[in-house]
Amino acid sequence: MKEPIIAGIDAGSSSIKTVIARVNDDKIEVIGIGESESEGIMKGIVVNIEAAADAIEKSVNQAEQMAGIQSPDPIATIGGEHIQGKNSKGVIGVNNKNKEVTHVEIERVLESAKNILIPQDREIIETIEQEYSLDEQDEIKNPIGMSGTRLETRVHIITGLKYVSDNLRRTLNKMKFTGRDFIVNVRGSAEAVLTRDEKELGVVVFDIGHSTTSLMVFLEGAVWHTAVIPIGSHHITNDISKGLRITIPAAEKLKCDHGYAFIDMIGEREIIEVPTASGKLRTIPKRALTEIIQPRVEEIFSLCGQELAKMKYIDSLSAGMVFTGGGALIPGLVDLAKAYQTAVKGAIPISARIGVPDKILGIRDIANNPAYSAVVGILMMSLDEATPMNIQSGKKSSDKKFKFKNPFNKNPFSEFFK
C-alpha cells in the first residue's frame, strides 16, 4: 500500500539535516533522519557545489537507510545574510460577471502586490499573505466568495540573491533532485515552534544558527517582518577559542558541555577542565567561560533589538519571544533575556521561551531539539506535496548518478525592551 511521503533538507553552515516523513492525517510522522557535517557552505550559502553535494548526499543516505525507502524530491531551506523581507500592497478591480472574488482574483491581486522594484540580482523567494480588503471592508483573511468591486491585499515579500538559490539548486540537481521549491529557514522554524495564539497576539521568533541569527515577526496571524543578523553560535565558539587559547573543536565541545549564557546562574566555586595545546588539562572557573559567552549573546540580542526597535514592533509582541535553532541549545538564554527585561527601566514585560518542533509523530529523537525546527517546519508547510510511496518495499535502488567522495555591548537590551 502506497502512503504519502515527504522529505526536507536543511543545508546549514554547521550541518546538513534531512528528514523523511509520512503524512498521517495531516500530521508529520518522522520515519527517517540524517545528519552530516556541512562542507562547501558558508554563512548559509553554497560556496563549493561539489563539497556541498557530498555532504547533502551523506545526510540523505542516512535518512533513507533509517526510513527504508529512497527519498522523494525534497523541499529545502534557504538562508543567509542576503535574505530580506519587505511589505507590499496590491489592488485590482473585480470585473467578473457576478463581482465575486474567486481564486482567479486572488492570483491577480497577489501578482499586483509582487510588482515591486528589486535589484536585478535579487528574486522573490516567498510571498506571504497578510490581509485583504474589499471595498470598505478591511482586515479580511479570506475574501473568496465575497462580492465587491475593489480588492486590495497586503503581503510580506521575502527576497534573496539569485545566485544563492541557483547554486543551491545546482547542488541538489547533482543528486537528481529538482530543487523546485525553497522556504526561508526562519519561516520553517516559526511554523514548527509557534502556536496559533502566539502568532495572533504578536510574537518574534529568533532562529540562532551557526553563522547568522534570523528573526521573523508575526502580528494578527501573519508575517510582518523578516531580517537576518550576521552573528550566530559559531561566533561564540570562536570567542571561546581565542579567549582560552584552544582549538575550535575543543571550544565547541566546551561550549556544548559547560557553556552557559547567564553568569548570575553560575556558582563562584564551580570548576571545569580545559584542554591545552599539549593535550593536558587545566582547570578554570566555570564563570570564566560564561564571561566569554555572555557578551556575545548580548550582542546578538542587541542587534536583534535594534532591528525590532527600528520597525517599532516591540510594543506589539504580546506573546513575547521564542528562541530556536541550534544556538538556542545553550543554557541560560531565556534567563538572560528575562534578567534584562527586569533591568531596563520602564520595560514592558515580555515572555521568552525555547521553541522546539513538538508537533510531530514517529521518531521523537528530534522533538526536543530546536536545531531541527527549520527542517520539520518546511515539511509541515508542504503536506500537500507528499509523494505516494510504498514504504514496505524497502529502500529502492537509487538511479542517482552522483556519488559522494571518501576522503556583547553595554546595556544592549535598552532598545529591545523599551
# chains A, B, ... in the order shown; residues from 1 in each chain; ligands from 1
$ closest_atom_pairs --of "region 48-109 of chain A" --to "region 223-238 of chain A" --cutoff "8 Å" --atoms "only C-alpha atoms" --output "tab-separated table"
residue	atom	partner	partner_atom	distance
A:Gly80	CA	A:Val228	CA	7.1
A:Glu81	CA	A:Val228	CA	5.5
A:His82	CA	A:Val228	CA	7.8
A:Ile83	CA	A:Val228	CA	6.6
A:Gln84	CA	A:Ala227	CA	5.7
A:Gly85	CA	A:Thr226	CA	4.7
A:Lys86	CA	A:His225	CA	7.1
A:Asn87	CA	A:Trp224	CA	6.9
$ write_last_selection --atoms "N, CA, C and O atoms" --output "short mmCIF file (atom, residue, chain, number, x, y, z; two decimals), in the first residue's frame"
data_model
loop_
_atom_site.label_atom_id
_atom_site.label_comp_id
_atom_site.auth_asym_id
_atom_site.auth_seq_id
_atom_site.Cartn_x
_atom_site.Cartn_y
_atom_site.Cartn_z
N GLY A 80 20.70 32.83 5.12
CA GLY A 80 21.89 33.64 4.94
C GLY A 80 21.61 35.12 5.07
O GLY A 80 20.45 35.56 5.11
N GLU A 81 22.68 35.91 5.13
CA GLU A 81 22.56 37.36 5.29
C GLU A 81 21.82 38.03 4.15
O GLU A 81 21.30 39.15 4.31
N HIS A 82 21.75 37.38 3.00
CA HIS A 82 21.14 38.01 1.83
C HIS A 82 19.62 38.05 1.90
O HIS A 82 18.97 38.78 1.14
N ILE A 83 19.03 37.31 2.82
CA ILE A 83 17.57 37.26 2.93
C ILE A 83 17.03 38.58 3.47
O ILE A 83 17.51 39.11 4.48
N GLN A 84 16.02 39.12 2.80
CA GLN A 84 15.40 40.38 3.22
C GLN A 84 13.88 40.27 3.12
O GLN A 84 13.36 39.56 2.26
N GLY A 85 13.18 40.97 4.01
CA GLY A 85 11.73 41.00 3.97
C GLY A 85 11.21 42.39 3.70
O GLY A 85 11.82 43.39 4.11
N LYS A 86 10.09 42.49 3.00
CA LYS A 86 9.50 43.78 2.65
C LYS A 86 7.99 43.63 2.54
O LYS A 86 7.49 42.64 1.99
N ASN A 87 7.25 44.59 3.07
CA ASN A 87 5.79 44.57 2.95
C ASN A 87 5.35 45.32 1.69
O ASN A 87 5.97 46.31 1.29
#
$ residues_around --residues "region 287-290 of chain A" --least-positions-apart "6" --cutoff "7 Å" --atoms "only C-alpha atoms" --output "PDB file with N, CA and C atoms, in the first residue's frame"
ATOM      1  N   GLY A 259      28.880  25.271  28.535  1.00  0.00           N
ATOM      2  CA  GLY A 259      28.507  26.648  28.228  1.00  0.00           C
ATOM      3  C   GLY A 259      27.247  27.092  28.929  1.00  0.00           C
ATOM      4  N   TYR A 260      27.207  28.367  29.320  1.00  0.00           N
ATOM      5  CA  TYR A 260      26.029  28.961  29.945  1.00  0.00           C
ATOM      6  C   TYR A 260      25.991  30.426  29.535  1.00  0.00           C
ATOM      7  N   ALA A 261      24.787  30.932  29.290  1.00  0.00           N
ATOM      8  CA  ALA A 261      24.669  32.291  28.763  1.00  0.00           C
ATOM      9  C   ALA A 261      24.590  33.367  29.827  1.00  0.00           C
ATOM     10  N   PHE A 262      24.282  32.974  31.080  1.00  0.00           N
ATOM     11  CA  PHE A 262      23.987  33.979  32.107  1.00  0.00           C
ATOM     12  C   PHE A 262      24.836  33.714  33.338  1.00  0.00           C
ATOM     13  N   ILE A 263      25.775  34.613  33.606  1.00  0.00           N
ATOM     14  CA  ILE A 263      26.761  34.392  34.657  1.00  0.00           C
ATOM     15  C   ILE A 263      26.139  34.384  36.051  1.00  0.00           C
ATOM     16  N   ILE A 266      25.732  30.940  37.644  1.00  0.00           N
ATOM     17  CA  ILE A 266      26.895  30.078  37.803  1.00  0.00           C
ATOM     18  C   ILE A 266      27.531  30.324  39.175  1.00  0.00           C
ATOM     19  N   GLU A 268      30.265  30.587  42.106  1.00  0.00           N
ATOM     20  CA  GLU A 268      31.631  31.114  42.090  1.00  0.00           C
ATOM     21  C   GLU A 268      32.687  30.017  42.255  1.00  0.00           C
TER      22      GLU A 268
END
$ residues_around --residues "Ser59 (chain A)" --least-positions-apart "4" --cutoff "10 Å" --atoms "only C-alpha atoms" --output "NGL selection string"
:A and (9-11 or 15-19 or 33-38 or 53-55 or 63-64)
$ residues_around --residues "Ser147 (chain A)" --least-positions-apart "3" --cutoff "9 Å" --atoms "only C-alpha atoms" --output "list in words"
Val94, Asn98, Lys99, Glu100, Val101, Leu134, Pro143 and Ile144 of chain A
$ write_last_selection --atoms "N, CA, C and O atoms" --output "tab-separated table (two decimals), in the first residue's frame"
chain	number	residue	atom	x	y	z
A	94	VAL	N	-12.53	43.95	-9.36
A	94	VAL	CA	-13.22	42.67	-9.52
A	94	VAL	C	-14.19	42.83	-10.69
A	94	VAL	O	-15.24	43.46	-10.58
A	98	ASN	N	-20.30	38.30	-11.81
A	98	ASN	CA	-21.01	38.36	-10.53
A	98	ASN	C	-20.34	39.25	-9.49
A	98	ASN	O	-20.81	39.32	-8.35
A	99	LYS	N	-19.21	39.90	-9.88
A	99	LYS	CA	-18.43	40.71	-8.93
A	99	LYS	C	-18.04	39.90	-7.70
A	99	LYS	O	-17.98	40.43	-6.58
A	100	GLU	N	-17.79	38.61	-7.92
A	100	GLU	CA	-17.44	37.72	-6.83
A	100	GLU	C	-15.94	37.43	-6.84
A	100	GLU	O	-15.35	37.20	-7.90
A	101	VAL	N	-15.34	37.43	-5.66
A	101	VAL	CA	-13.91	37.13	-5.55
A	101	VAL	C	-13.71	35.62	-5.64
A	101	VAL	O	-14.28	34.85	-4.85
A	134	LEU	N	-11.91	44.57	0.87
A	134	LEU	CA	-12.82	44.55	-0.27
A	134	LEU	C	-13.77	45.72	-0.13
A	134	LEU	O	-14.56	45.78	0.81
A	143	PRO	N	-11.12	36.39	1.31
A	143	PRO	CA	-12.27	37.05	0.67
A	143	PRO	C	-12.97	36.19	-0.38
A	143	PRO	O	-13.94	36.66	-0.99
A	144	ILE	N	-12.54	34.97	-0.61
A	144	ILE	CA	-13.15	34.14	-1.64
A	144	ILE	C	-14.64	33.93	-1.34
A	144	ILE	O	-15.03	33.59	-0.22
$ residues_around --residues "Pro74 (chain A)" --least-positions-apart "4" --cutoff "7 Å" --atoms "only C-alpha atoms" --output "ChimeraX atom specification"
/A:6-9
$ write_last_selection --atoms "C-alpha atoms" --output "mmCIF file, in the first residue's frame"
data_model
loop_
_atom_site.group_PDB
_atom_site.id
_atom_site.type_symbol
_atom_site.label_atom_id
_atom_site.label_comp_id
_atom_site.auth_asym_id
_atom_site.auth_seq_id
_atom_site.Cartn_x
_atom_site.Cartn_y
_atom_site.Cartn_z
ATOM 1 C CA ILE A 6 7.613 13.916 2.105
ATOM 2 C CA ALA A 7 11.234 14.948 2.648
ATOM 3 C CA GLY A 8 13.058 18.098 3.691
ATOM 4 C CA ILE A 9 16.672 19.238 3.701
#
$ residues_around --residues "Asp138 (chain A)" --least-positions-apart "4" --cutoff "10 Å" --atoms "only C-alpha atoms" --output "ChimeraX atom specification"
/A:131-134,152-153
$ write_last_selection --atoms "all heavy atoms" --output "short mmCIF file (atom, residue, chain, number, x, y, z; two decimals), in the first residue's frame"
data_model
loop_
_atom_site.label_atom_id
_atom_site.label_comp_id
_atom_site.auth_asym_id
_atom_site.auth_seq_id
_atom_site.Cartn_x
_atom_site.Cartn_y
_atom_site.Cartn_z
N GLU A 131 -3.32 40.29 4.80
CA GLU A 131 -4.75 40.54 4.92
C GLU A 131 -5.28 41.11 3.61
O GLU A 131 -4.51 41.52 2.73
CB GLU A 131 -5.04 41.52 6.06
CG GLU A 131 -4.43 42.89 5.86
CD GLU A 131 -4.70 43.83 7.03
OE1 GLU A 131 -5.07 43.33 8.11
OE2 GLU A 131 -4.53 45.04 6.85
N TYR A 132 -6.61 41.13 3.48
CA TYR A 132 -7.28 41.68 2.30
C TYR A 132 -8.28 42.73 2.73
O TYR A 132 -8.72 42.77 3.89
CB TYR A 132 -8.03 40.58 1.54
CG TYR A 132 -7.13 39.53 0.90
CD1 TYR A 132 -6.74 38.41 1.61
CD2 TYR A 132 -6.71 39.67 -0.41
CE1 TYR A 132 -5.92 37.44 1.03
CE2 TYR A 132 -5.91 38.72 -1.00
CZ TYR A 132 -5.51 37.61 -0.28
OH TYR A 132 -4.71 36.67 -0.87
N SER A 133 -8.65 43.58 1.79
CA SER A 133 -9.79 44.49 1.99
C SER A 133 -10.60 44.49 0.71
O SER A 133 -10.05 44.41 -0.39
CB SER A 133 -9.32 45.91 2.33
OG SER A 133 -8.57 46.46 1.28
N LEU A 134 -11.91 44.57 0.87
CA LEU A 134 -12.82 44.55 -0.27
C LEU A 134 -13.77 45.72 -0.13
O LEU A 134 -14.56 45.78 0.81
CB LEU A 134 -13.59 43.22 -0.30
CG LEU A 134 -14.50 42.96 -1.50
CD1 LEU A 134 -13.68 42.94 -2.80
CD2 LEU A 134 -15.24 41.64 -1.33
N GLU A 152 -8.11 44.66 -2.47
CA GLU A 152 -6.74 45.02 -2.11
C GLU A 152 -6.14 43.94 -1.22
O GLU A 152 -6.87 43.22 -0.54
CB GLU A 152 -6.71 46.36 -1.35
CG GLU A 152 -7.21 47.54 -2.14
CD GLU A 152 -7.13 48.83 -1.34
OE1 GLU A 152 -6.01 49.19 -0.91
OE2 GLU A 152 -8.19 49.46 -1.11
N THR A 153 -4.83 43.84 -1.23
CA THR A 153 -4.14 42.90 -0.36
C THR A 153 -2.87 43.51 0.18
O THR A 153 -2.27 44.40 -0.45
CB THR A 153 -3.80 41.59 -1.10
OG1 THR A 153 -3.27 40.65 -0.16
CG2 THR A 153 -2.75 41.81 -2.18
#
$ residues_around --residues "region 349-364 of chain A" --least-positions-apart "2" --cutoff "7 Å" --atoms "only C-alpha atoms" --output "list in words"
Lys27, Ile28, Glu29, Val30, Ile31, Ala192, Val193, Ala319, Gly320, Met321, Val322, Phe323, Thr324, Ala328, Val334, Gln341, Ala347, Ile366, Ala367, Asn368, Asn369, Pro370, Ser373 and Val376 of chain A
$ atom_distance --atom1 "CA of Arg269 (chain A)" --atom2 "CA of Val297 (chain A)"
23.1 Å
$ atom_distance --atom1 "CA of Ser88 (chain A)" --atom2 "CA of Ala222 (chain A)"
13.3 Å
$ select_by_dssp --residues "region 26-270 of chain A" --states "strand (DSSP E)" --output "VMD selection string"
chain A and resid 27 to 37 41 to 42 45 to 46 75 to 78 84 to 93 122 to 134 137 to 140 150 to 161 182 to 184 203 to 208 213 to 219 222 to 229
$ atom_distance --atom1 "CA of Ile106 (chain A)" --atom2 "CA of Arg169 (chain A)"
28.8 Å
$ select_by_dssp --residues "region 112-220 of chain A" --states "alpha helix (DSSP H)" --output "JSON, numbers by chain"
{"A": [112, 113, 162, 163, 164, 165, 166, 167, 168, 169, 170, 171, 172, 173, 185, 186, 187, 188, 189, 190, 191, 192, 193, 196, 197, 198, 199, 200, 201]}
